[in-house]
Amino acid sequence: MAASSGHGLRGQLLYVLAALLLLLLAATAVLWREERAMHAEVRTLTGSAMAALARETLQRRGEQLATSFASRMATPITAGDRTVIEDGARALRHQPEVVYVIVYDAGGRILDDGTAMAQPGRAMVDPLASAALAATTTTSQWTDNLLDVSVPIVQAQQRIGGVRVGLVGRRPSAEETQILGPLNRHLERAGFSHRMWMLIALLGVASVCAAAVWLLEWRILRPIRTLAGLLAGNEPGQTAGLALASHHRDENRQDEIGDLFRAFERMREGVIRHDREIRRMAYTDPLTGLANRLAFSESLDDRLLTLQASSGELALLFIDLDDFKRVNDTLGHESGDEVLSQLSVRVRLILEQTNSLGSEIARFGGDEFIVLYMAEDIRSASSRLAEALIEEIQRPLLIDGKQVFLGASVGITFFPFDANHAGQLLKNADIAMYQAKVAGKNCYRFYSRAMDQAVERRVHLEQELRGAWDRGELSVAYQPLFHLADGRMTGAEALLRWQHPRLGLVPPSVFVEVAEQSGLIGQLGRHVLDQACADAASWIARDGSKLFVSVNVSSQQLRSGELPEVVTHALRHSGLAAAQLHLELTETAVLGDEVQASVLLSRVRANGVKVWLDDFGTGFSGLSHLRRVPIDGVKIDRSFVADVLRDPDDLALTSAIIAMAHSLGITVVAEGIETEGQYAVLRERGCDQGQGFWLGRPMTGEDFLRKVQELQ
């Protein structure tokens with residue numbers, strides 16, 4: 001058993017105790033070494049102190065002898081009495097510690113050195129002579145163990161000579177030996193005593209460790225091993241708890257281990273209850289009561305194993321609600337949860353009405369549901385089920401007294417035709433659902449191999465788009481706008497272009513969608529806004545015109561809430577006046593969250609920036625929304641302008657938009673003017689401004705500046 005192995009509690013405790021003993025041994029060794037070092041330092045400091053004291057004593061004695069001798073030599077030197085000088089020097093030289101005596105004249109020549117070999121008149125050339133001659137007072141010089149004391153002899157404020165006395169330090173005296181000897185013996189006794197106490201402490205710790213091991217083994221580990229042995233092979237739902245209780249009833253231990261044994265019976269019953277509850281929580285979505293991702297994945301794996309053996313078929317339907325985020329943003333997350341709960345009931349009822357045995361439904365996360373479906377003629381049956389699901393989800397929901405309308409995109413894949421294992425089937429269904437959203441949402445699509453290639457192309461395009469601005473592949477082109485009444489140029493719309501080194505010119509309809517889905521549109525939008533403002537500021541500075549530049553803003557930039565700060569930053573760094581900047585937002589972007597859009601756009605317009613509603617007439621709103629959203633202009637979508645000469649309805653609708661916008665004080669701009677006839681009709685109907693290939697194609701900033709200069 002694991003408890004009896006060397007890595008059980010006993011083994012771990014032994015490791016800890018062994019480590020503790022090693023740590024104590026190491027600490028003892030360090031302390032012993034530090035003690036020896038301290039004793040050596042004490043001896044060294046004591047010896048140094050006594051040596052310093054001896055040197056100080058020797059210096060005082062030397063200065064006394066030299067000073068006294070110098071006072072006696074003043075008269076003989078003046079009188080030139082060499083006998084007195086010689087006798088005095090020889091007498092001084094016989095003093096203890098004195099090794100030489102030198103009497104010299106004012107020029108530094110030796111008069112006598114107290115020896116029989118004295119050579120009067122010889123100059124002093126030893127290393128200490130120059131300092132002695134230069135001294136004006138008593139001077140002491142040390143060389144190793146030799147002390148040289150020089151005293152100048154002055155008479156009538158005139159230096160007539162001097163004396164030098166050399167002394168050598170003596171060996172340690174008996175007093176010093178008497179002091180150092182007991183000190184050394186005391187240090188040795190103290191060190192021995194300390195080592196003995198450290199050894200006793202180590203033995204005590206070792207004894208305590210042995211007692212702890214014994215106590216752990218006999219009072220804790222052995223009962224636990226017994227407990228583990230009795231429970232081995234038993235599951236929570238079996239009778240191991242009863243056998244355990246009866247086995248230890250006779251021991252009647254009144255300690256923690258006894259409490260542990262008695263608690264096992266109570267724990268067994270709780271484990272059984274909690275096991276059921278945990279399994280329910282682990283495999284059930286708490287909001288809808290449906291199976292969750294984990295339960296569905298396990299069920300799908302089991303189902304595939306069965307179908308592989310019986311050559312059966314099944315379909316996976318991946319359901320994703322369209323624009324569900326709008327519900328959370330406008331009504332709140334609690335209402336969003338209520339929507340999911342009601343829709344789960346509807347989806348479950350639809351599945352039950354198909355009378356499909358073995359079909360399952362699960363909430364896969366967020367606003368995603370997945371259906372495992374089995375039926376005869378699986379492809380046509382799946383189509384009917386998908387249509388029924390979409391139709392049911394489209395029916396209005398009543399949430400807090402308000403009707404909520406939603407759609408759904410459904411992706412369908414089949415086993416074993418598309419894949420033969422769960423992971424790939426789920427991936428295929430997700431890809432098919434994404435293609436349904438690309439196709440316009442609120443529809444279903446079957447998985448096909450070509451979808452993989454489309455997804456790979458999109459992923460590759462997204463990877464290439466990242467960093468394209470820094471690599472210089474992205475640029476800003478400008479399409480001019482004109483006043484239709486007099487043909488005067490009023491400004492330009494900034495358009496992002498991507499010239500890929502290998503793919504060539506990538507259409508904006510392709511890469512803008514990729515940028516929005518990947519979250520890159522916010523970063524690219526900031527780059528375009530900064531570049532457009534900088535270019536427009538340069539036009540005005542070089543030409544003196546009052547042209548404006550209009551920049552498209554995505555719905556993601558609006559939802560982020562940072563639009564006012566981003567616009568302010570672009571204007572401040574470019575120097576462009578706020579009145580020369582127009583922002584274009586699509587109708588659906590503004591009306592997706594009308595309250596937030598109104599707040600943000602009001603902040604932008606308060607600084608003088610104009611706001612235009614782009615692609616007007618293609619969304620689900622009406623002109624009544626223009627009264628609630630602060631805008632300065634609308635751009636009639638090119639789809640109306642293209643047929644304004646052929647379709648009376650488009651002409652009537654365009655005229656109505658112009659009249660209604662003018663009644664609200666809103667400027668009207670027409671997009672996609674391709675012919676002179678379209679231009680004439682729009683001007684006749686009172687349209688304010690226009691743009692299109694007939695008026696001017698998109699061009700670089702330099703070409704646009706030249707065109708402005710040509711028109712002046």
# chains A, B, ... in the order shown; residues from 1 in each chain; ligands from 1
>>> residues_around(residues="region 704-707 of chain A", least_positions_apart="3", cutoff="12 Å", atoms="only C-alpha atoms", output="ChimeraX atom specification")
/A:476-481,489,491-494,535-545,547,549,695-701,710-712
>>> write_last_selection(atoms="N, CA and C atoms", output="JSON list (two decimals), in the first residue's frame")
[["chain", "number", "residue", "atom", "x", "y", "z"],
["A", 476, "VAL", "N", -4.11, 54.94, -47.20],
["A", 476, "VAL", "CA", -5.38, 55.65, -47.19],
["A", 476, "VAL", "C", -5.54, 56.38, -48.52],
["A", 477, "ALA", "N", -6.64, 56.07, -49.22],
["A", 477, "ALA", "CA", -7.00, 56.78, -50.46],
["A", 477, "ALA", "C", -8.15, 57.74, -50.16],
["A", 478, "TYR", "N", -8.33, 58.72, -51.06],
["A", 478, "TYR", "CA", -9.33, 59.76, -50.82],
["A", 478, "TYR", "C", -10.20, 59.92, -52.06],
["A", 479, "GLN", "N", -11.54, 59.79, -51.87],
["A", 479, "GLN", "CA", -12.49, 60.01, -52.96],
["A", 479, "GLN", "C", -13.17, 61.36, -52.73],
["A", 480, "PRO", "N", -13.08, 62.25, -53.70],
["A", 480, "PRO", "CA", -13.61, 63.61, -53.48],
["A", 480, "PRO", "C", -15.14, 63.65, -53.42],
["A", 481, "LEU", "N", -15.67, 64.60, -52.70],
["A", 481, "LEU", "CA", -17.09, 64.90, -52.61],
["A", 481, "LEU", "C", -17.32, 66.30, -53.16],
["A", 489, "MET", "N", -15.87, 71.39, -55.05],
["A", 489, "MET", "CA", -15.38, 70.32, -54.18],
["A", 489, "MET", "C", -15.51, 70.74, -52.73],
["A", 491, "GLY", "N", -14.92, 68.20, -49.99],
["A", 491, "GLY", "CA", -14.07, 67.39, -49.13],
["A", 491, "GLY", "C", -13.77, 66.05, -49.76],
["A", 492, "ALA", "N", -13.38, 65.10, -48.94],
["A", 492, "ALA", "CA", -13.02, 63.77, -49.44],
["A", 492, "ALA", "C", -13.32, 62.73, -48.37],
["A", 493, "GLU", "N", -13.65, 61.53, -48.83],
["A", 493, "GLU", "CA", -13.86, 60.40, -47.92],
["A", 493, "GLU", "C", -12.58, 59.57, -47.88],
["A", 494, "ALA", "N", -12.10, 59.28, -46.67],
["A", 494, "ALA", "CA", -10.90, 58.46, -46.50],
["A", 494, "ALA", "C", -11.28, 56.99, -46.63],
["A", 535, "ASP", "N", -3.28, 64.19, -43.07],
["A", 535, "ASP", "CA", -3.29, 64.58, -44.48],
["A", 535, "ASP", "C", -4.17, 65.82, -44.70],
["A", 536, "ALA", "N", -5.35, 65.82, -44.10],
["A", 536, "ALA", "CA", -6.25, 66.97, -44.28],
["A", 536, "ALA", "C", -5.62, 68.24, -43.73],
["A", 537, "ALA", "N", -4.94, 68.13, -42.60],
["A", 537, "ALA", "CA", -4.27, 69.31, -42.04],
["A", 537, "ALA", "C", -3.19, 69.82, -42.99],
["A", 538, "SER", "N", -2.49, 68.90, -43.68],
["A", 538, "SER", "CA", -1.46, 69.33, -44.63],
["A", 538, "SER", "C", -2.09, 69.99, -45.86],
["A", 539, "TRP", "N", -3.27, 69.50, -46.31],
["A", 539, "TRP", "CA", -3.95, 70.15, -47.44],
["A", 539, "TRP", "C", -4.27, 71.61, -47.10],
["A", 540, "ILE", "N", -4.85, 71.77, -45.93],
["A", 540, "ILE", "CA", -5.28, 73.11, -45.53],
["A", 540, "ILE", "C", -4.07, 74.02, -45.38],
["A", 541, "ALA", "N", -2.98, 73.50, -44.80],
["A", 541, "ALA", "CA", -1.79, 74.31, -44.58],
["A", 541, "ALA", "C", -1.14, 74.73, -45.90],
["A", 542, "ARG", "N", -1.17, 73.84, -46.91],
["A", 542, "ARG", "CA", -0.49, 74.12, -48.18],
["A", 542, "ARG", "C", -1.39, 74.86, -49.17],
["A", 543, "ASP", "N", -2.71, 74.65, -49.05],
["A", 543, "ASP", "CA", -3.61, 75.20, -50.05],
["A", 543, "ASP", "C", -4.49, 76.32, -49.50],
["A", 544, "GLY", "N", -4.68, 76.34, -48.20],
["A", 544, "GLY", "CA", -5.53, 77.34, -47.58],
["A", 544, "GLY", "C", -7.00, 77.07, -47.73],
["A", 545, "SER", "N", -7.39, 75.89, -48.24],
["A", 545, "SER", "CA", -8.80, 75.57, -48.43],
["A", 545, "SER", "C", -9.44, 75.13, -47.12],
["A", 547, "LEU", "N", -11.49, 72.35, -46.93],
["A", 547, "LEU", "CA", -12.04, 71.03, -47.24],
["A", 547, "LEU", "C", -12.12, 70.19, -45.97],
["A", 549, "VAL", "N", -12.53, 66.13, -44.30],
["A", 549, "VAL", "CA", -12.25, 64.72, -44.57],
["A", 549, "VAL", "C", -13.22, 63.90, -43.75],
["A", 695, "LEU", "N", -17.71, 61.57, -60.72],
["A", 695, "LEU", "CA", -17.17, 62.80, -60.15],
["A", 695, "LEU", "C", -15.68, 62.69, -59.84],
["A", 696, "GLY", "N", -15.24, 61.53, -59.41],
["A", 696, "GLY", "CA", -13.83, 61.35, -59.07],
["A", 696, "GLY", "C", -13.61, 60.02, -58.38],
["A", 697, "ARG", "N", -12.57, 59.32, -58.82],
["A", 697, "ARG", "CA", -12.23, 58.03, -58.22],
["A", 697, "ARG", "C", -11.32, 58.22, -56.99],
["A", 698, "PRO", "N", -11.23, 57.19, -56.14],
["A", 698, "PRO", "CA", -10.29, 57.29, -55.01],
["A", 698, "PRO", "C", -8.87, 57.48, -55.50],
["A", 699, "MET", "N", -8.09, 58.30, -54.79],
["A", 699, "MET", "CA", -6.72, 58.61, -55.21],
["A", 699, "MET", "C", -5.86, 58.82, -53.97],
["A", 700, "THR", "N", -4.56, 58.86, -54.19],
["A", 700, "THR", "CA", -3.63, 59.09, -53.08],
["A", 700, "THR", "C", -3.75, 60.51, -52.57],
["A", 701, "GLY", "N", -3.17, 60.76, -51.40],
["A", 701, "GLY", "CA", -3.22, 62.09, -50.83],
["A", 701, "GLY", "C", -2.55, 63.13, -51.71],
["A", 710, "GLU", "N", -5.84, 72.09, -59.05],
["A", 710, "GLU", "CA", -6.30, 72.25, -60.42],
["A", 710, "GLU", "C", -7.68, 72.90, -60.48],
["A", 711, "LEU", "N", -8.55, 72.58, -59.50],
["A", 711, "LEU", "CA", -9.92, 73.09, -59.52],
["A", 711, "LEU", "C", -10.01, 74.53, -59.06],
["A", 712, "GLN", "N", -8.95, 75.05, -58.50],
["A", 712, "GLN", "CA", -9.01, 76.43, -58.00],
["A", 712, "GLN", "C", -8.79, 77.42, -59.14]]
>>> closest_atom_pairs(of="region 391-426 of chain A", to="region 432-451 of chain A", cutoff="9 Å", atoms="only C-alpha atoms", output="Markdown table")
| residue | atom | partner | partner_atom | distance |
| --- | --- | --- | --- | --- |
| A:Gln394 | CA | A:Asn442 | CA | 8.5 |
| A:Leu406 | CA | A:Asn442 | CA | 8.7 |
| A:Gly407 | CA | A:Asn442 | CA | 5.1 |
| A:Ala408 | CA | A:Asn442 | CA | 4.7 |
| A:Ser409 | CA | A:Asn442 | CA | 5.0 |
| A:Val410 | CA | A:Tyr444 | CA | 4.4 |
| A:Gly411 | CA | A:Met433 | CA | 3.6 |
| A:Ile412 | CA | A:Phe446 | CA | 4.8 |
| A:Thr413 | CA | A:Tyr447 | CA | 5.3 |
| A:Phe414 | CA | A:Tyr447 | CA | 8.1 |
| A:Asp418 | CA | A:Tyr447 | CA | 7.6 |
>>> write_last_selection(atoms="C-alpha atoms", output="mmCIF file, in the first residue's frame")
data_model
loop_
_atom_site.group_PDB
_atom_site.id
_atom_site.type_symbol
_atom_site.label_atom_id
_atom_site.label_comp_id
_atom_site.auth_asym_id
_atom_site.auth_seq_id
_atom_site.Cartn_x
_atom_site.Cartn_y
_atom_site.Cartn_z
ATOM 1 C CA GLN A 394 -37.789 33.705 -34.657
ATOM 2 C CA LEU A 406 -33.945 36.916 -32.350
ATOM 3 C CA GLY A 407 -32.671 34.760 -35.150
ATOM 4 C CA ALA A 408 -30.373 31.767 -35.306
ATOM 5 C CA SER A 409 -27.598 30.484 -37.555
ATOM 6 C CA VAL A 410 -27.356 26.687 -37.773
ATOM 7 C CA GLY A 411 -24.462 24.570 -38.995
ATOM 8 C CA ILE A 412 -25.027 20.881 -39.823
ATOM 9 C CA THR A 413 -22.509 18.050 -40.204
ATOM 10 C CA PHE A 414 -22.947 14.278 -40.583
ATOM 11 C CA ASP A 418 -17.907 14.380 -42.821
#
>>> residues_around(residues="Ile521 (chain A)", least_positions_apart="4", cutoff="8 Å", atoms="only C-alpha atoms", output="number ranges by chain")
A: 512, 515-516, 525, 554, 556-557
>>> select_by_dssp(residues="region 274-411 of chain A", states="strand (DSSP E)", output="VMD selection string")
chain A and resid 314 to 322 360 to 365 368 to 373 397 to 399 402 to 404 407 to 411
>>> write_last_selection(atoms="C-alpha atoms", output="tab-separated table (two decimals), in the first residue's frame")
chain	number	residue	atom	x	y	z
A	314	LEU	CA	-26.19	10.87	-37.07
A	315	ALA	CA	-26.23	14.63	-37.55
A	316	LEU	CA	-24.88	17.43	-35.38
A	317	LEU	CA	-26.70	20.76	-35.53
A	318	PHE	CA	-24.72	23.69	-34.10
A	319	ILE	CA	-27.12	26.56	-33.19
A	320	ASP	CA	-25.84	30.08	-32.48
A	321	LEU	CA	-28.24	32.93	-31.71
A	322	ASP	CA	-27.87	35.99	-33.94
A	360	GLU	CA	-30.00	14.87	-27.46
A	361	ILE	CA	-29.66	18.60	-26.95
A	362	ALA	CA	-27.08	20.52	-24.90
A	363	ARG	CA	-26.14	24.09	-24.18
A	364	PHE	CA	-22.59	24.37	-25.41
A	365	GLY	CA	-21.82	27.71	-23.81
A	368	GLU	CA	-24.74	28.26	-28.40
A	369	PHE	CA	-26.78	25.04	-28.45
A	370	ILE	CA	-25.94	21.74	-30.10
A	371	VAL	CA	-28.26	18.94	-31.13
A	372	LEU	CA	-27.37	15.29	-31.72
A	373	TYR	CA	-29.99	14.06	-34.17
A	397	LEU	CA	-40.21	36.30	-26.74
A	398	LEU	CA	-41.91	38.26	-23.97
A	399	ILE	CA	-39.29	39.51	-21.49
A	402	LYS	CA	-41.25	43.65	-23.92
A	403	GLN	CA	-41.10	41.64	-27.11
A	404	VAL	CA	-37.65	40.39	-28.06
A	407	GLY	CA	-32.67	34.76	-35.15
A	408	ALA	CA	-30.37	31.77	-35.31
A	409	SER	CA	-27.60	30.48	-37.55
A	410	VAL	CA	-27.36	26.69	-37.77
A	411	GLY	CA	-24.46	24.57	-38.99
>>> atom_distance(atom1="CA of Asp144 (chain A)", atom2="CA of Val103 (chain A)")
23.1 Å
>>> atom_distance(atom1="CA of Val168 (chain A)", atom2="CA of Ala70 (chain A)")
19.5 Å
>>> closest_residue(among="A:Val98, A:Met660, A:Val16, A:Met198", to="Val149 (chain A)", atoms="only C-alpha atoms")
A:Val98
>>> atom_distance(atom1="CA of Ser655 (chain A)", atom2="CA of Asp486 (chain A)")
19.6 Å
>>> closest_residue(among="A:Ser344, A:Ser193, A:Ser383, A:Asn552", to="Trp32 (chain A)", atoms="only C-alpha atoms")
A:Ser193
>>> residues_around(residues="Leu92 (chain A)", least_positions_apart="6", cutoff="12 Å", atoms="only C-alpha atoms", output="short mmCIF file (atom, residue, chain, number, x, y, z; two decimals) with C-alpha atoms, in the first residue's frame")
data_model
loop_
_atom_site.label_atom_id
_atom_site.label_comp_id
_atom_site.auth_asym_id
_atom_site.auth_seq_id
_atom_site.Cartn_x
_atom_site.Cartn_y
_atom_site.Cartn_z
CA GLY A 62 63.02 56.82 24.44
CA GLN A 64 62.63 60.83 28.10
CA LEU A 65 66.18 59.50 27.57
CA ALA A 66 66.72 61.53 24.40
CA THR A 67 65.33 64.74 25.90
CA SER A 68 67.40 64.39 29.08
CA PHE A 69 70.53 63.55 27.08
CA ALA A 70 69.98 66.49 24.74
CA ARG A 72 73.10 67.74 28.95
CA MET A 73 74.82 68.02 25.56
CA ILE A 85 80.13 64.28 24.69
CA GLU A 86 81.89 60.91 24.38
CA VAL A 98 69.35 51.44 23.70
CA VAL A 99 71.16 50.20 20.58
CA TYR A 100 72.78 53.40 19.37
CA VAL A 101 73.42 57.02 20.36
CA ILE A 102 74.36 59.74 17.88
CA VAL A 103 75.37 63.31 18.69
CA ASP A 113 78.18 57.76 18.51
CA GLY A 114 79.28 56.32 21.88
CA THR A 115 81.48 53.63 20.33
CA VAL A 163 70.95 63.87 19.45
CA ARG A 164 69.43 60.62 18.20
CA VAL A 165 68.73 57.63 20.39
CA GLY A 166 67.81 54.25 18.92
CA LEU A 167 65.88 51.74 21.03
#
